[in-house]
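Chemist: Input structure: structure09.cif, which contains mmCIF, C-alpha atoms and all ligand atoms.
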```cif
data_protein
#
loop_
_atom_site.label_atom_id
_atom_site.label_comp_id
_atom_site.auth_asym_id
_atom_site.auth_seq_id
_atom_site.Cartn_x
_atom_site.Cartn_y
_atom_site.Cartn_z
CA MET Y 973 -12.38 -22.05 -10.59
CA ASN Y 974 -9.96 -20.78 -13.26
CA ASP Y 975 -11.42 -17.32 -12.74
CA ILE Y 976 -10.48 -17.41 -9.05
CA ALA Y 977 -6.97 -18.64 -9.89
CA ALA Y 978 -6.62 -15.72 -12.34
CA ALA Y 979 -7.94 -13.27 -9.72
CA VAL Y 980 -5.44 -14.56 -7.12
CA ALA Y 981 -2.60 -14.27 -9.67
CA LEU Y 982 -3.54 -10.68 -10.54
CA HIS Y 983 -4.03 -9.87 -6.86
CA ILE Y 984 -0.55 -11.12 -5.95
CA LEU Y 985 1.00 -9.32 -8.93
CA SER Y 986 -0.62 -6.05 -7.87
CA ILE Y 987 0.57 -6.45 -4.26
CA VAL Y 988 4.16 -7.20 -5.33
CA TRP Y 989 4.13 -4.18 -7.67
CA TRP Y 990 2.59 -1.82 -5.12
CA ILE Y 991 4.08 -2.85 -1.74
CA GLY Y 992 7.48 -3.54 -3.36
CA GLY Y 993 7.43 0.07 -4.53
CA VAL Y 994 6.45 1.32 -1.08
CA ALA Y 995 9.39 -0.64 0.40
CA MET Y 996 11.75 0.92 -2.18
CA VAL Y 997 10.52 4.45 -1.46
CA THR Y 998 10.77 3.90 2.33
CA THR Y 999 14.11 2.13 2.57
CA VAL Y 1000 16.01 3.48 -0.46
CA LEU Y 1001 14.59 6.71 -1.89
CA LEU Y 1002 13.80 8.57 1.35
CA PRO Y 1003 17.12 7.74 3.06
CA ALA Y 1004 18.97 8.82 -0.13
CA ALA Y 1005 16.97 12.09 -0.24
CA ARG Y 1006 17.66 12.75 3.47
CA ALA Y 1007 21.38 12.06 3.01
CA MET Y 1008 21.76 14.82 0.40
CA GLU Y 1009 23.68 17.86 1.64
CA ASP Y 1010 21.06 20.31 0.43
CA ALA Y 1011 17.72 19.30 1.98
CA HIS Y 1012 15.81 21.39 -0.59
CA GLU Y 1013 17.43 19.34 -3.36
CA GLY Y 1014 16.72 16.12 -1.45
CA LEU Y 1015 13.03 17.00 -1.15
CA ALA Y 1016 12.85 18.02 -4.82
CA MET Y 1017 14.43 14.69 -5.87
CA PHE Y 1018 11.99 12.77 -3.64
CA ARG Y 1019 9.01 14.62 -5.12
CA ARG Y 1020 10.12 14.05 -8.73
CA ILE Y 1021 10.55 10.30 -8.24
CA GLU Y 1022 7.53 9.83 -5.97
CA ALA Y 1023 5.26 11.63 -8.45
CA ARG Y 1024 6.12 8.98 -11.05
CA PHE Y 1025 5.71 6.10 -8.60
CA ALA Y 1026 2.32 7.46 -7.47
CA TRP Y 1027 0.86 6.44 -10.87
CA HIS Y 1028 2.19 2.91 -10.41
CA ALA Y 1029 0.73 2.78 -6.90
CA ARG Y 1030 -2.65 4.08 -8.16
CA ALA Y 1031 -2.83 1.47 -10.94
CA ALA Y 1032 -1.71 -1.36 -8.63
CA THR Y 1033 -4.21 -0.29 -5.94
CA LEU Y 1034 -7.06 -0.40 -8.45
CA LEU Y 1035 -5.99 -3.86 -9.65
CA ALA Y 1036 -5.67 -5.15 -6.05
CA GLY Y 1037 -9.08 -3.76 -5.12
CA ALA Y 1038 -10.82 -5.10 -8.25
CA SER Y 1039 -9.30 -8.60 -7.99
CA GLY Y 1040 -9.92 -8.74 -4.21
CA LEU Y 1041 -13.53 -7.61 -4.54
CA TYR Y 1042 -14.13 -10.15 -7.29
CA MET Y 1043 -12.90 -12.97 -5.01
CA ILE Y 1044 -15.03 -11.76 -2.12
CA LEU Y 1045 -18.16 -11.66 -4.29
CA VAL Y 1046 -17.62 -15.00 -6.06
CA LEU Y 1047 -16.42 -16.89 -2.97
CA ARG Y 1048 -19.06 -15.15 -0.78
CA LEU Y 1049 -16.49 -14.21 1.85
CA TRP Y 1050 -18.40 -11.33 3.53
CA PRO Y 1051 -19.25 -13.30 6.74
CA PHE Y 1052 -15.55 -14.04 7.30
CA PHE Y 1053 -14.89 -10.35 7.95
CA PHE Y 1054 -16.43 -10.95 11.40
CA VAL Y 1055 -14.40 -14.09 12.21
CA PRO Y 1056 -11.31 -13.28 14.35
CA ASN Y 1057 -9.12 -15.87 12.58
CA TYR Y 1058 -9.72 -13.98 9.34
CA TRP Y 1059 -8.48 -10.62 10.76
CA TRP Y 1060 -6.24 -10.35 7.70
CA LEU Y 1061 -9.30 -9.86 5.45
CA ASP Y 1062 -10.16 -6.73 7.45
CA ALA Y 1063 -6.49 -5.71 7.48
CA MET Y 1064 -6.36 -5.92 3.65
CA VAL Y 1065 -9.35 -3.65 3.26
CA LEU Y 1066 -7.98 -1.26 5.92
CA VAL Y 1067 -4.55 -0.99 4.22
CA TRP Y 1068 -6.19 -0.63 0.82
CA SER Y 1069 -8.51 2.13 2.11
CA LEU Y 1070 -5.63 4.06 3.72
CA PHE Y 1071 -3.60 4.00 0.49
CA THR Y 1072 -6.62 4.81 -1.67
CA ILE Y 1073 -7.46 7.87 0.45
CA ALA Y 1074 -3.79 8.94 0.44
CA LEU Y 1075 -3.24 8.44 -3.31
CA PHE Y 1076 -6.56 9.56 -4.76
CA ILE Y 1077 -7.81 12.18 -2.28
CA ALA Y 1078 -5.19 13.49 0.18
CA GLU Y 1079 -2.25 13.72 -2.22
CA PRO Y 1080 -3.90 15.80 -4.96
CA LEU Y 1081 -6.03 17.87 -2.57
CA PHE Y 1082 -3.75 18.63 0.41
CA VAL Y 1083 -0.39 16.88 0.43
CA ASP Y 1084 1.01 18.61 -2.65
CA ASP Y 1085 0.20 22.05 -1.18
CA TRP Y 1086 1.57 21.03 2.22
CA LEU Y 1087 4.83 19.83 0.60
CA GLU Y 1088 5.08 23.07 -1.35
CA HIS Y 1089 4.70 25.32 1.71
CA HIS Y 1090 6.05 23.29 4.63
CA GLY Y 1091 8.76 21.76 2.44
CA GLU Y 1092 9.98 25.20 1.39
CA LYS Y 1093 10.33 26.33 5.03
CA ALA Y 1094 11.64 23.12 6.64
CA PRO Y 1095 12.72 20.55 4.02
CA ALA Y 1096 14.68 18.30 6.40
CA ALA Y 1097 11.81 18.06 8.91
CA THR Y 1098 9.37 17.43 6.04
CA LEU Y 1099 11.48 14.54 4.74
CA ALA Y 1100 11.76 13.10 8.29
CA ARG Y 1101 7.98 13.22 8.68
CA LEU Y 1102 7.46 11.64 5.26
CA GLN Y 1103 9.80 8.83 6.23
CA ARG Y 1104 7.91 8.16 9.49
CA LEU Y 1105 4.60 8.00 7.59
CA HIS Y 1106 6.09 5.65 4.98
CA TRP Y 1107 7.45 3.36 7.70
CA ILE Y 1108 4.00 3.12 9.32
CA ALA Y 1109 2.41 2.31 5.93
CA LEU Y 1110 5.10 -0.25 5.11
CA ILE Y 1111 4.89 -2.03 8.49
CA LEU Y 1112 1.08 -2.26 8.29
CA SER Y 1113 1.39 -3.59 4.72
CA VAL Y 1114 4.00 -6.21 5.64
CA ILE Y 1115 1.91 -7.46 8.60
CA THR Y 1116 -1.07 -7.71 6.23
CA VAL Y 1117 0.86 -9.57 3.52
CA LEU Y 1118 2.20 -12.06 6.09
CA GLY Y 1119 -1.22 -12.52 7.71
CA ALA Y 1120 -3.04 -12.95 4.37
CA ALA Y 1121 -0.47 -15.31 2.84
CA ALA Y 1122 -0.35 -17.47 5.99
CA GLY Y 1123 -4.12 -17.21 6.58
CA THR Y 1124 -5.13 -18.32 3.07
CA ASN Y 1125 -2.84 -21.33 3.51
CA GLY Y 1126 -4.42 -22.52 6.74
CA TRP Y 1127 -2.54 -20.73 9.53
CA THR Y 1128 -4.77 -20.36 12.57
CA PHE Y 1129 -4.21 -18.70 15.94
C1 LIG K 1 -10.01 -3.92 -1.16
C2 LIG K 1 -8.87 -4.52 -0.91
C3 LIG K 1 -8.66 -5.99 -0.88
C4 LIG K 1 -9.56 -7.00 -0.99
C5 LIG K 1 -11.06 -6.91 -1.18
C6 LIG K 1 -8.81 -8.25 -0.87
C7 LIG K 1 -9.35 -9.51 -0.92
C8 LIG K 1 -8.62 -10.69 -0.93
C9 LIG K 1 -9.20 -12.02 -1.03
C10 LIG K 1 -10.69 -12.31 -1.15
C11 LIG K 1 -8.21 -12.91 -1.00
C12 LIG K 1 -8.31 -14.45 -1.11
C13 LIG K 1 -8.67 -15.01 0.23
C14 LIG K 1 -8.85 -16.51 0.19
O1 LIG K 1 -8.35 -17.17 -0.72
O2 LIG K 1 -9.49 -17.02 1.12
C15 LIG K 1 -6.96 -12.17 -0.88
C16 LIG K 1 -5.70 -12.73 -0.81
C17 LIG K 1 -4.55 -12.03 -0.53
N1 LIG K 1 -4.45 -10.66 -0.40
FE1 LIG K 1 -5.96 -9.30 -0.59
N2 LIG K 1 -7.49 -7.96 -0.72
C18 LIG K 1 -7.34 -6.59 -0.70
C19 LIG K 1 -6.19 -5.88 -0.53
C20 LIG K 1 -4.98 -6.46 -0.19
C21 LIG K 1 -3.83 -5.74 0.29
C22 LIG K 1 -3.78 -4.25 0.52
C23 LIG K 1 -2.85 -6.66 0.51
C24 LIG K 1 -1.44 -6.46 1.02
C25 LIG K 1 -1.01 -5.42 1.69
C26 LIG K 1 -3.37 -7.96 0.15
C27 LIG K 1 -2.64 -9.12 0.19
C28 LIG K 1 -3.15 -10.37 -0.08
C29 LIG K 1 -2.36 -11.58 -0.03
C30 LIG K 1 -0.88 -11.69 0.28
C31 LIG K 1 -3.25 -12.63 -0.30
C32 LIG K 1 -2.92 -14.12 -0.28
C33 LIG K 1 -2.81 -14.67 -1.64
C34 LIG K 1 -2.56 -16.18 -1.56
O3 LIG K 1 -1.59 -16.58 -0.92
O4 LIG K 1 -3.35 -16.92 -2.13
N3 LIG K 1 -4.67 -7.80 -0.27
N4 LIG K 1 -7.25 -10.82 -0.85
#
```
Mind turning this structure into structure tokens?

Modeler:
Amino acid sequence: MNDIAAAVALHILSIVWWIGGVAMVTTVLLPAARAMEDAHEGLAMFRRIEARFAWHARAATLLAGASGLYMILVLRLWPFFFVPNYWWLDAMVLVWSLFTIALFIAEPLFVDDWLEHHGEKAPAATLARLQRLHWIALILSVITVLGAAAGTNGWTF
């Protein structure tokens, strides 16, 4: 079972790395960008910093997915996806899928162009919308972390 212990350790590390970064972007970076007097400069600062964090988020997402999938395969957890008490297993895959689509597909294909054009015309509204989206992602992630950590330690409803 040392392999499972290692997978859990890597899984937790990846979640701390990734969701901690999402919390920082949502509660520190975006408010700081929105508080800047020149909204164009605020958006430019956000984009510079977020572009660097995106690589961290991509690496952490891959590590979380690989370690999670390994545990599911070795522990044969597939049937639990249909058990209501294990809703957090489904929530983990949902959150992971949303971020994976955002980071690997939407961002390079559409979001960069959208930020370029919409951001140029209405930088303050663009930052406000980005903050709303980040809050939704962060709240879903926090609910999932709480559910998974409590659920793996025996919490039942
Ligand atoms: C494809 C994506 C993912 C898969 C396949 C996956 C799978 C798993 C599995 C199999 C476990 C161990 C369950 C058990 O011991 O019974 C686990 C634990 C956990 N996962 Fe995930 N997970 C994924 C993504 C996520 C995400 C996105 C989050 C957070 C937002 C997350 C947070 C956690 C936490 C907090 C634990 C509990 C660790 C512990 O206390 O032992 N996982 N995950």

Chemist: Pick out the residues no farther than 8 Å from ligand LIG 1 (chain K), counting all atoms listed in the file, and list them as a tab-separated table (two decimals) with C-alpha atoms, in the coordinates of the input.

Modeler:
```
chain	number	residue	atom	x	y	z
Y	980	VAL	CA	-5.44	-14.56	-7.12
Y	983	HIS	CA	-4.03	-9.87	-6.86
Y	984	ILE	CA	-0.55	-11.12	-5.95
Y	987	ILE	CA	0.57	-6.45	-4.26
Y	991	ILE	CA	4.08	-2.85	-1.74
Y	1033	THR	CA	-4.21	-0.29	-5.94
Y	1036	ALA	CA	-5.67	-5.15	-6.05
Y	1037	GLY	CA	-9.08	-3.76	-5.12
Y	1038	ALA	CA	-10.82	-5.10	-8.25
Y	1039	SER	CA	-9.30	-8.60	-7.99
Y	1040	GLY	CA	-9.92	-8.74	-4.21
Y	1041	LEU	CA	-13.53	-7.61	-4.54
Y	1042	TYR	CA	-14.13	-10.15	-7.29
Y	1043	MET	CA	-12.90	-12.97	-5.01
Y	1044	ILE	CA	-15.03	-11.76	-2.12
Y	1047	LEU	CA	-16.42	-16.89	-2.97
Y	1049	LEU	CA	-16.49	-14.21	1.85
Y	1061	LEU	CA	-9.30	-9.86	5.45
Y	1063	ALA	CA	-6.49	-5.71	7.48
Y	1064	MET	CA	-6.36	-5.92	3.65
Y	1065	VAL	CA	-9.35	-3.65	3.26
Y	1066	LEU	CA	-7.98	-1.26	5.92
Y	1067	VAL	CA	-4.55	-0.99	4.22
Y	1068	TRP	CA	-6.19	-0.63	0.82
Y	1069	SER	CA	-8.51	2.13	2.11
Y	1112	LEU	CA	1.08	-2.26	8.29
Y	1113	SER	CA	1.39	-3.59	4.72
Y	1114	VAL	CA	4.00	-6.21	5.64
Y	1115	ILE	CA	1.91	-7.46	8.60
Y	1116	THR	CA	-1.07	-7.71	6.23
Y	1117	VAL	CA	0.86	-9.57	3.52
Y	1118	LEU	CA	2.20	-12.06	6.09
Y	1119	GLY	CA	-1.22	-12.52	7.71
Y	1120	ALA	CA	-3.04	-12.95	4.37
Y	1121	ALA	CA	-0.47	-15.31	2.84
Y	1122	ALA	CA	-0.35	-17.47	5.99
Y	1123	GLY	CA	-4.12	-17.21	6.58
Y	1124	THR	CA	-5.13	-18.32	3.07
Y	1125	ASN	CA	-2.84	-21.33	3.51
```

Chemist: At most 9 Å is the cut-off: for each residue in region 979-1061 of chain Y with any atom that close to an atom of region 1098-1104 of chain Y, write down the nearest atom pair and the distance in Å rounded to one decimal, counting only C-alpha atoms, chain first then increasing number, as a Markdown table.

Modeler:
```
| residue | atom | partner | partner_atom | distance |
| --- | --- | --- | --- | --- |
| Y:Val997 | CA | Y:Gln1103 | CA | 8.9 |
| Y:Thr998 | CA | Y:Gln1103 | CA | 6.4 |
| Y:Thr999 | CA | Y:Gln1103 | CA | 8.8 |
| Y:Leu1002 | CA | Y:Gln1103 | CA | 6.3 |
| Y:Pro1003 | CA | Y:Gln1103 | CA | 8.1 |
| Y:Ala1005 | CA | Y:Leu1099 | CA | 7.8 |
| Y:Arg1006 | CA | Y:Leu1099 | CA | 6.6 |
| Y:Ala1011 | CA | Y:Leu1099 | CA | 8.3 |
| Y:Gly1014 | CA | Y:Leu1099 | CA | 8.3 |
| Y:Leu1015 | CA | Y:Leu1099 | CA | 6.6 |
| Y:Phe1018 | CA | Y:Leu1099 | CA | 8.6 |
```

Chemist: Suppose you want the space between CA of Asn1057 (chain Y) and CA of His1106 (chain Y); what is it in Å?

Modeler: 27.4 Å

Chemist: Could you tell me which of Y:Trp1127, Y:Met1017, Y:Ala1029, Y:Leu1034 comes closest to Trp989 (chain Y) if we count all atoms listed in the file?

Modeler: Y:Ala1029

Chemist: Please compute the CA of Val1046 (chain Y)-CA of Ile976 (chain Y) distance, one decimal, in Å.

Modeler: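 Between CA of Val1046 (chain Y) and CA of Ile976 (chain Y) the gap works out to 8.1 Å.
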
Chemist: Could you check which of Y:Val1055, Y:Met1008, Y:Ile1111, Y:Ala1026 is closest to Ala1096 (chain Y), using all atoms listed in the file?

Modeler: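 Using all atoms listed in the file, the shortest distance to Ala1096 (chain Y) belongs to Y:Met1008.
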
Chemist: Of the candidates Y:Leu1035, Y:Ala977, Y:Leu1001, Y:His1089, which shows the shortest atom-to-atom distance to Glu1022 (chain Y), using all atoms listed in the file?

Modeler: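 Checking each of Y:Leu1035, Y:Ala977, Y:Leu1001, Y:His1089 against Glu1022 (chain Y), counting all atoms listed in the file, the winner is Y:Leu1001.
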
Chemist: Let me make sure I understand: among Y:Ala1109, Y:His1028, Y:Gly1126, Y:Asn974, which one has the smallest atom-to-atom distance to Phe1071 (chain Y) if we use all atoms listed in the file?

Modeler: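 Of Y:Ala1109, Y:His1028, Y:Gly1126, Y:Asn974, the one nearest Phe1071 (chain Y) is Y:Ala1109, counting all atoms listed in the file.
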
Chemist: Work out how far apart CA of Trp1107 (chain Y) and CA of Ala995 (chain Y) are and give it in Å to one decimal.

Modeler: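 Between CA of Trp1107 (chain Y) and CA of Ala995 (chain Y) the gap works out to 8.5 Å.
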
Chemist: Return the single residue from Y:Phe1129, Y:Trp1059, Y:Leu1045, Y:Ala1016 that is closest to Ala979 (chain Y), with distances computed using only C-alpha atoms.

Modeler: Y:Leu1045

Chemist: Just want the 10 Å neighbourhood of Arg1019 (chain Y), counted on only C-alpha atoms, with same-chain residues fewer than 6 positions away dropped. Output as a PyMOL selection string.

Modeler: chain Y and resi 1005+1013+1025+1084+1087
